[in-house]
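Q: The following file, upload.txt, comprises compact mmCIF, C-alpha atoms and all ligand atoms:
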# COMPACT_ATOMS: atom_id res chain seq x y z
CA MET B 1 72.52 156.27 71.81
CA HIS B 2 70.50 159.22 73.08
CA HIS B 3 69.96 159.60 76.78
CA PRO B 4 68.55 162.70 78.48
CA GLU B 5 71.66 162.80 80.64
CA ASN B 6 73.85 163.32 77.62
CA ASP B 7 72.35 166.74 77.17
CA GLU B 8 75.05 169.15 78.19
CA HIS B 9 72.69 171.03 80.52
CA TYR B 10 71.82 167.90 82.44
CA LYS B 11 72.83 167.90 86.08
CA GLY B 12 74.43 164.56 86.74
CA LEU B 13 73.54 164.26 90.38
CA ALA B 14 69.78 164.57 90.02
CA VAL B 15 67.89 161.74 91.64
CA ASN B 16 64.84 160.12 90.17
CA LYS B 17 61.59 161.05 91.78
CA GLY B 18 60.52 158.38 94.19
CA ILE B 19 57.21 156.64 93.92
CA PRO B 20 55.08 158.22 96.66
CA GLN B 21 53.93 155.68 99.19
CA PRO B 22 50.18 155.78 99.82
CA PRO B 23 49.28 156.60 103.43
CA SER B 24 48.80 153.52 105.52
CA VAL B 25 45.08 152.85 105.93
CA ASN B 26 45.53 151.08 109.21
CA PRO B 27 49.03 151.57 110.57
CA ARG B 28 48.54 148.84 113.17
CA LEU B 29 47.90 146.24 110.52
CA LYS B 30 51.59 146.04 109.68
CA ARG B 31 52.61 145.43 113.25
CA LYS B 32 50.10 142.65 113.67
CA LYS B 33 51.48 140.64 110.76
CA ARG B 34 52.70 137.40 112.26
CA VAL B 35 55.41 135.21 110.87
CA ARG B 36 54.45 131.55 111.26
CA VAL B 37 57.61 129.95 112.48
CA GLN B 38 58.67 126.45 111.53
CA PRO B 39 61.50 124.41 113.08
CA SER B 40 64.93 125.49 111.82
CA GLY B 41 65.37 122.26 109.81
CA TYR B 42 62.52 123.28 107.53
CA TYR B 43 64.31 126.46 106.52
CA VAL B 44 67.72 124.87 106.17
CA GLU B 45 66.35 122.13 103.94
CA GLY B 46 64.48 124.62 101.76
CA ILE B 47 67.44 126.97 101.50
CA LEU B 48 69.85 124.21 100.53
CA LYS B 49 67.41 123.16 97.79
CA GLY B 50 67.49 126.73 96.50
CA ASN B 51 63.85 127.37 97.34
CA VAL B 52 63.54 131.15 97.14
CA THR B 53 60.25 131.32 99.05
CA VAL B 54 61.80 129.54 102.03
CA LEU B 55 64.92 131.71 101.69
CA SER B 56 62.75 134.83 101.91
CA GLN B 57 60.94 133.45 104.97
CA ALA B 58 64.25 132.76 106.67
CA ILE B 59 65.52 136.26 105.88
CA THR B 60 62.34 137.64 107.44
CA LEU B 61 63.30 135.79 110.63
CA VAL B 62 66.81 137.26 110.46
CA GLU B 63 65.31 140.71 110.09
CA SER B 64 62.76 140.26 112.87
CA ASN B 65 63.39 141.84 116.24
CA SER B 66 61.62 139.13 118.20
CA PRO B 67 63.94 137.07 120.44
CA ALA B 68 62.20 133.83 119.44
CA HIS B 69 62.83 134.55 115.75
CA TYR B 70 66.40 135.55 116.54
CA GLN B 71 66.97 132.18 118.18
CA ILE B 72 65.69 130.21 115.16
CA ALA B 73 67.50 132.51 112.75
CA GLN B 74 70.80 131.82 114.52
CA GLU B 75 70.23 128.06 114.24
CA ILE B 76 69.56 128.39 110.52
CA ILE B 77 72.65 130.55 109.96
CA GLU B 78 74.84 128.14 111.87
CA LYS B 79 73.80 125.30 109.56
CA CYS B 80 74.17 127.41 106.42
CA LEU B 81 77.65 128.69 107.24
CA PRO B 82 79.60 125.82 105.65
CA TYR B 83 78.30 126.79 102.21
CA SER B 84 79.82 130.28 102.13
CA ASP B 85 83.32 129.67 100.96
CA LYS B 86 82.74 129.54 97.21
CA SER B 87 80.99 132.86 96.95
CA LEU B 88 82.07 136.28 95.79
CA ARG B 89 80.79 139.29 97.70
CA LEU B 90 80.85 142.58 95.87
CA GLY B 91 80.14 145.92 97.55
CA ILE B 92 78.90 148.81 95.43
CA THR B 93 78.68 152.38 96.60
CA GLY B 94 78.27 155.87 95.19
CA VAL B 95 76.05 158.89 95.72
CA PRO B 96 72.37 158.76 94.77
CA GLY B 97 72.07 159.34 91.04
CA VAL B 98 75.48 157.97 90.13
CA GLY B 99 73.83 154.95 88.55
CA LYS B 100 74.08 152.15 91.09
CA SER B 101 70.80 150.47 90.19
CA THR B 102 71.47 150.79 86.48
CA PHE B 103 74.96 149.40 86.98
CA ILE B 104 73.81 146.49 89.13
CA GLU B 105 71.14 145.64 86.60
CA ALA B 106 73.65 145.69 83.73
CA MET B 107 76.22 143.69 85.66
CA GLY B 108 73.58 141.33 87.03
CA LEU B 109 72.24 140.58 83.55
CA HIS B 110 75.79 140.03 82.32
CA LEU B 111 76.18 137.39 85.03
CA THR B 112 72.82 135.69 84.57
CA GLN B 113 73.51 135.45 80.83
CA GLN B 114 76.49 133.32 81.75
CA GLY B 115 74.31 131.10 83.91
CA GLU B 116 75.60 132.64 87.15
CA LYS B 117 73.27 133.24 90.07
CA LEU B 118 73.30 136.40 92.10
CA ALA B 119 71.62 138.02 95.06
CA VAL B 120 71.35 141.78 95.39
CA LEU B 121 71.14 143.12 98.93
CA ALA B 122 71.26 146.65 100.23
CA ILE B 123 72.23 148.60 103.29
CA ASP B 124 70.30 151.78 103.57
CA PRO B 125 70.17 153.12 107.09
CA SER B 126 68.21 156.13 105.82
CA SER B 127 65.13 153.99 105.47
CA GLU B 128 64.57 154.10 109.22
CA ARG B 129 65.22 157.78 109.69
CA SER B 130 63.27 159.21 106.81
CA LYS B 131 60.64 156.46 106.71
CA GLY B 132 61.34 156.17 103.04
CA SER B 133 64.52 154.76 101.71
CA ILE B 134 66.96 156.28 99.27
CA LEU B 135 67.58 152.92 97.68
CA GLY B 136 64.15 151.39 97.89
CA ASP B 137 61.60 153.87 96.66
CA LYS B 138 62.40 153.76 92.99
CA THR B 139 61.29 151.25 90.45
CA ARG B 140 64.57 149.48 90.36
CA MET B 141 66.19 146.77 88.33
CA GLU B 142 63.01 145.74 86.59
CA LYS B 143 64.67 143.43 84.09
CA LEU B 144 66.98 141.82 86.59
CA SER B 145 64.15 141.18 89.04
CA GLN B 146 62.46 139.01 86.40
CA GLU B 147 65.47 136.72 86.07
CA ASP B 148 65.17 133.34 87.78
CA ASN B 149 68.83 133.43 88.66
CA ALA B 150 68.64 136.77 90.44
CA TYR B 151 67.30 137.40 93.92
CA ILE B 152 66.77 141.00 94.98
CA ARG B 153 66.08 141.88 98.59
CA PRO B 154 65.66 145.45 99.82
CA SER B 155 67.48 146.79 102.85
CA PRO B 156 66.22 145.73 106.26
CA SER B 157 64.72 148.91 107.59
CA ALA B 158 64.49 148.70 111.35
CA GLY B 159 67.26 149.62 113.70
CA THR B 160 70.65 151.21 113.90
CA LEU B 161 73.27 150.95 111.18
CA GLY B 162 74.97 148.25 113.25
CA GLY B 163 71.73 146.31 113.46
CA VAL B 164 70.94 146.71 109.78
CA ALA B 165 74.48 145.66 108.87
CA ARG B 166 74.32 142.56 111.06
CA LYS B 167 71.08 141.52 109.39
CA THR B 168 72.57 142.00 105.94
CA ARG B 169 75.65 140.02 106.88
CA GLU B 170 73.51 137.14 108.08
CA THR B 171 71.35 137.38 104.97
CA ILE B 172 74.49 136.98 102.84
CA ILE B 173 75.13 133.60 104.45
CA LEU B 174 71.59 132.39 103.76
CA CYS B 175 71.73 133.54 100.13
CA GLU B 176 75.04 131.79 99.59
CA ALA B 177 73.68 128.55 101.04
CA ALA B 178 70.73 128.88 98.64
CA GLY B 179 73.18 128.80 95.75
CA PHE B 180 73.52 132.51 95.04
CA GLN B 181 77.26 132.52 94.78
CA ASN B 182 77.55 136.13 93.72
CA ILE B 183 76.36 138.62 96.28
CA PHE B 184 76.05 142.30 95.42
CA ILE B 185 75.62 144.65 98.34
CA GLU B 186 74.62 148.15 97.52
CA THR B 187 74.90 151.14 99.79
CA VAL B 188 74.34 154.87 99.44
CA GLY B 189 77.46 156.96 99.55
CA VAL B 190 76.33 159.39 102.16
CA GLY B 191 77.62 158.23 105.48
CA GLN B 192 79.02 155.37 107.44
CA SER B 193 77.21 152.60 105.65
CA GLU B 194 80.16 152.24 103.26
CA THR B 195 82.39 151.18 106.10
CA ALA B 196 79.83 148.59 107.14
CA VAL B 197 79.60 147.24 103.60
CA HIS B 198 83.35 147.31 103.12
CA SER B 199 83.65 145.09 106.17
CA MET B 200 81.50 142.38 104.65
CA VAL B 201 82.66 142.16 101.03
CA ASP B 202 85.55 140.68 99.09
CA PHE B 203 85.69 143.51 96.59
CA PHE B 204 84.59 147.10 97.09
CA LEU B 205 83.61 149.11 94.05
CA LEU B 206 83.10 152.86 94.14
CA LEU B 207 80.99 154.41 91.38
CA MET B 208 81.74 158.01 90.51
CA LEU B 209 80.89 160.62 87.92
CA ALA B 210 83.24 162.62 85.78
CA GLY B 211 83.50 166.31 86.44
CA ALA B 212 81.18 166.40 89.43
CA GLY B 213 84.03 167.00 91.87
CA ASP B 214 84.85 164.91 94.90
CA GLU B 215 83.24 167.39 97.26
CA LEU B 216 79.98 167.38 95.40
CA GLN B 217 79.93 163.63 95.33
CA GLY B 218 80.34 163.48 99.07
CA ILE B 219 83.14 161.01 98.64
CA LYS B 220 85.58 161.17 101.46
CA ARG B 221 89.19 160.29 100.98
CA GLY B 222 88.69 157.38 103.37
CA ILE B 223 86.12 155.85 101.06
CA MET B 224 88.38 156.16 98.03
CA GLU B 225 91.06 154.48 100.06
CA MET B 226 88.77 151.53 100.79
CA ALA B 227 87.95 150.99 97.13
CA ASP B 228 89.43 148.07 95.22
CA ALA B 229 88.32 149.83 92.07
CA ILE B 230 86.75 153.10 91.07
CA THR B 231 84.39 153.10 88.13
CA ILE B 232 83.54 156.33 86.37
CA ASN B 233 80.01 155.70 85.23
CA LYS B 234 78.06 157.49 82.49
CA ALA B 235 81.01 157.41 80.14
CA ASP B 236 78.79 157.91 77.13
CA GLY B 237 77.78 160.64 74.68
CA ASN B 238 79.37 164.00 75.42
CA ASN B 239 80.69 162.62 78.63
CA ILE B 240 83.18 160.11 77.21
CA HIS B 241 86.09 162.51 77.06
CA LYS B 242 85.48 163.90 80.54
CA ALA B 243 85.25 160.37 81.88
CA LYS B 244 88.60 159.44 80.35
CA LEU B 245 90.22 162.50 81.93
CA ALA B 246 88.65 161.73 85.27
CA ARG B 247 89.97 158.18 85.03
CA ILE B 248 93.52 159.45 84.69
CA GLY B 249 92.99 161.93 87.52
CA TYR B 250 91.71 159.33 89.94
CA GLN B 251 94.33 156.82 88.91
CA ASN B 252 97.00 159.37 89.80
CA ALA B 253 95.30 160.13 93.09
CA LEU B 254 95.20 156.43 93.98
CA HIS B 255 98.92 156.11 93.33
CA LEU B 256 99.47 158.42 96.28
CA PHE B 257 97.77 156.04 98.69
CA PRO B 258 99.83 153.47 100.52
CA PRO B 259 100.03 150.03 98.87
CA THR B 260 97.18 147.69 99.77
CA PRO B 261 97.83 144.58 101.89
CA SER B 262 96.23 142.44 99.17
CA GLY B 263 99.00 143.13 96.68
CA TRP B 264 96.28 144.43 94.36
CA GLU B 265 96.70 147.81 92.83
CA PRO B 266 93.27 149.52 92.86
CA LYS B 267 92.11 150.25 89.33
CA VAL B 268 90.14 153.09 87.84
CA VAL B 269 87.94 152.21 84.90
CA THR B 270 85.09 153.79 82.96
CA CYS B 271 81.75 152.34 81.96
CA SER B 272 78.32 153.23 80.81
CA ALA B 273 75.80 151.22 82.75
CA TYR B 274 73.12 152.68 80.50
CA GLU B 275 74.75 151.69 77.22
CA ASN B 276 76.21 148.55 78.70
CA THR B 277 79.81 149.32 77.83
CA GLY B 278 82.71 148.37 80.05
CA ILE B 279 80.60 145.96 82.11
CA PRO B 280 82.21 142.65 81.05
CA GLU B 281 85.64 144.24 81.54
CA ILE B 282 84.75 145.20 85.10
CA TRP B 283 83.55 141.70 85.83
CA ASN B 284 86.79 140.29 84.44
CA MET B 285 88.75 142.70 86.63
CA ILE B 286 86.88 141.48 89.72
CA LYS B 287 87.61 137.88 88.77
CA GLU B 288 91.25 138.78 88.27
CA TYR B 289 91.32 140.23 91.79
CA ARG B 290 89.71 137.09 93.18
CA GLU B 291 92.32 134.91 91.52
CA LEU B 292 95.18 136.99 92.86
CA ALA B 293 93.75 137.24 96.38
CA LYS B 294 92.95 133.53 96.53
CA GLU B 295 96.42 132.66 95.38
CA ASN B 296 98.24 134.86 97.88
CA GLY B 297 95.88 134.00 100.74
CA TYR B 298 94.50 137.50 101.15
CA PHE B 299 90.97 136.43 100.26
CA THR B 300 90.72 134.12 103.27
CA HIS B 301 92.61 136.56 105.46
CA ARG B 302 90.15 139.36 104.67
CA ARG B 303 87.17 137.15 105.43
CA GLN B 304 88.70 136.03 108.71
CA ASP B 305 89.37 139.62 109.68
CA GLN B 306 85.78 140.47 108.87
CA ALA B 307 84.46 137.52 110.89
CA LYS B 308 86.47 138.77 113.88
CA TYR B 309 85.26 142.34 113.38
CA TRP B 310 81.65 141.19 113.28
CA MET B 311 82.04 139.16 116.43
CA TYR B 312 83.02 142.31 118.33
CA GLU B 313 80.43 144.41 116.54
CA SER B 314 77.79 141.89 117.46
CA ILE B 315 78.86 141.96 121.13
CA ASN B 316 78.74 145.75 121.12
CA GLU B 317 75.32 145.81 119.50
CA GLN B 318 73.86 143.25 121.88
CA LEU B 319 75.28 144.85 125.00
CA LYS B 320 74.01 148.21 123.93
CA GLY B 321 70.58 146.87 123.03
CA ASP B 322 70.32 144.98 126.31
CA PHE B 323 71.36 148.01 128.32
CA TYR B 324 68.94 150.45 126.74
CA HIS B 325 66.04 148.00 126.78
CA HIS B 326 66.47 147.07 130.43
CA PRO B 327 63.44 148.28 132.42
CA ASP B 328 65.63 149.63 135.26
CA ILE B 329 67.50 151.78 132.76
CA LYS B 330 64.40 152.86 130.88
CA ASN B 331 62.94 154.03 134.21
CA VAL B 332 65.75 156.43 135.01
CA LEU B 333 67.32 157.32 131.67
CA GLU B 334 65.26 160.39 130.94
CA ALA B 335 65.67 161.82 134.45
CA THR B 336 69.41 161.22 134.39
CA GLU B 337 69.67 162.89 131.03
CA ALA B 338 67.79 165.89 132.46
CA ASP B 339 70.25 166.01 135.36
CA VAL B 340 73.11 166.18 132.90
CA LEU B 341 71.41 168.95 130.93
CA ASN B 342 70.76 170.93 134.14
CA GLU B 343 74.35 170.41 135.17
CA LYS B 344 73.27 168.60 138.31
CA THR B 345 75.43 165.66 137.32
CA SER B 346 78.41 165.39 135.02
CA SER B 347 78.15 163.17 131.94
CA PHE B 348 80.70 160.75 133.35
CA VAL B 349 79.09 160.39 136.75
CA ALA B 350 75.71 159.93 135.08
CA ALA B 351 77.10 157.23 132.81
CA LYS B 352 78.69 155.46 135.76
CA GLN B 353 75.42 155.62 137.73
CA LEU B 354 73.48 154.15 134.83
CA LEU B 355 75.99 151.37 134.28
CA ASP B 356 76.01 150.56 138.00
CA THR B 357 72.23 150.41 137.97
CA TYR B 358 72.38 148.04 135.01
CA PHE B 359 75.00 145.71 136.45
CA ASP B 360 73.26 145.67 139.85
CA ALA B 361 70.03 144.72 138.14
CA LEU B 362 71.79 141.85 136.36
CA LYS B 363 72.99 140.46 139.67
CA LYS B 364 69.45 140.36 141.11
P1 LIG B 401 71.38 155.33 91.79
O1 LIG B 401 70.60 156.34 92.57
O2 LIG B 401 72.83 155.43 92.08
O3 LIG B 401 70.86 153.93 91.96
O4 LIG B 401 71.23 155.72 90.25
P2 LIG B 401 70.26 155.15 89.11
O5 LIG B 401 70.75 153.83 88.62
O6 LIG B 401 68.85 155.24 89.57
O7 LIG B 401 70.52 156.20 87.94
C1 LIG B 401 70.21 157.57 88.06
C2 LIG B 401 70.01 158.19 86.67
O8 LIG B 401 71.23 158.08 85.93
C3 LIG B 401 68.93 157.48 85.84
O9 LIG B 401 68.24 158.45 85.12
C4 LIG B 401 69.73 156.58 84.91
O10 LIG B 401 69.06 156.34 83.68
C5 LIG B 401 70.98 157.41 84.70
N1 LIG B 401 72.14 156.58 84.36
C6 LIG B 401 72.60 155.51 85.03
N2 LIG B 401 73.68 155.00 84.43
C7 LIG B 401 73.93 155.79 83.36
C8 LIG B 401 74.94 155.79 82.33
O11 LIG B 401 75.82 154.94 82.28
N3 LIG B 401 74.87 156.78 81.42
C9 LIG B 401 73.92 157.74 81.44
N4 LIG B 401 73.96 158.68 80.51
N5 LIG B 401 72.97 157.77 82.38
C10 LIG B 401 72.97 156.81 83.33
Here is the file; what I need is its structure written in the form of structure tokens.
A:
Amino acid sequence: MHHPENDEHYKGLAVNKGIPQPPSVNPRLKRKKRVRVQPSGYYVEGILKGNVTVLSQAITLVESNSPAHYQIAQEIIEKCLPYSDKSLRLGITGVPGVGKSTFIEAMGLHLTQQGEKLAVLAIDPSSERSKGSILGDKTRMEKLSQEDNAYIRPSPSAGTLGGVARKTRETIILCEAAGFQNIFIETVGVGQSETAVHSMVDFFLLLMLAGAGDELQGIKRGIMEMADAITINKADGNNIHKAKLARIGYQNALHLFPPTPSGWEPKVVTCSAYENTGIPEIWNMIKEYRELAKENGYFTHRRQDQAKYWMYESINEQLKGDFYHHPDIKNVLEATEADVLNEKTSSFVAAKQLLDTYFDALKK
């Protein structure tokens, strides 16, 4: 099959051009949009019936930064939690251009053809910084988005990576309760978001290209070490041979890593998301992992570890948020920072002063 990327002059890491967003006519309009909030029972009932509209409304509450919405969202999550244990959470990462959307679409369609339901979520902390997201600004997964059994939700955009990750983690729970028992979480391979995704999935899949070089792909050793499998994508046309060689190379590299606590030996496979080859095999591999990890107890262990991790993460996030939003801190933060820059105060003394101010204010 011909694909422009099979041309030998094609540069594999090129990214599609994004669809330019039109300038906002009235930027305040967005902020004014109100979410009409119902009692939590309304959402829980709708979600458990698999009502996607209600699911989306509930996710909007999870993503909202209003304390009232947060309260309701927590009630909904609490009631949805018992429905999580049958799901499979798959994390997918790789640099822009490696073929994540194409892969997810191919894999997603493979699943829906078997009557499976899946939700596709994303963590893209770039969407806040650049005001346009790496993952979101393309026309993505057009076929999959038309499937009744697939639910695609873009990355929550506001906040720190920790905040975005928390929202995605909570969204997973709602999707699972709505009957989407396969959850794909996509992230861009350019920073720390992989660690966040790794800490919320059962299986972590790293997509790579043949011959592009680890450096070029921005893949750190640590990320390779987290992977339960590496998939060399675009194994088609002139690229097939290179992909096979790369597979052997990476497989050898993985052998050098210490054995994983799951008893699973990370695999390296090839596929062509574009030509749809290797996709069923990858799905079978993931199922094989699930079987092994369920049998030896690692599956539950990993989820428990993650639940613990997120408890502490959530404490950290909330303390930090509370501290920086406190009016007494807001009043003095800039001046204290200036003192540090002018060397009037040391960083440590300044930090201590700010924390004292905060804790004193709490006592009032
Ligand atoms: P993402 O940025 O990682 O989500 O990558 P995309 O899925 O948008 O793919 C980037 C480009 O690579 C697009 O032009 C795709 O058509 C192309 N592509 C994706 N998968 C394959 C593949 O398996 N083989 C070939 N030849 N091209 C692919």
Q: Step by step, measure atom-to-atom distances between ligand LIG 401 (chain B) and each residue using all atoms listed in the file, keep those at most 6 Å, then write them as a ChimeraX atom specification.
A: /B:3,5-6,15,95-102,233-234,236,272-274
Q: So how many Å separate atom CA of B:Leu354 and atom CA of B:Met311, to one decimal?
A: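 If I compute the distance from atom CA of B:Leu354 to atom CA of B:Met311, I get 25.2 Å.
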Q: Out of B:Pro156, B:Pro280, B:Gly115, B:Gly108, which residue has the shortest atom-to-atom distance to B:Glu142 when counting all atoms listed in the file?
A: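 Using all atoms listed in the file, B:Glu142 sits closest to B:Gly108.
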Q: Excluding B:Val37 and any residue of its chain fewer than 3 positions from it, enumerate the residues within 9 Å of it, using only C-alpha atoms, and give them as number ranges by chain.
A: B: 34, 40, 57, 61, 69, 72
Q: So which one's closest to B:Lys167, B:Val44, B:Ile329, B:Leu88, B:Ala58? Using all atoms listed in the file, please.
A: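 Nearest candidate to B:Lys167 out of B:Val44, B:Ile329, B:Leu88, B:Ala58: B:Ala58.
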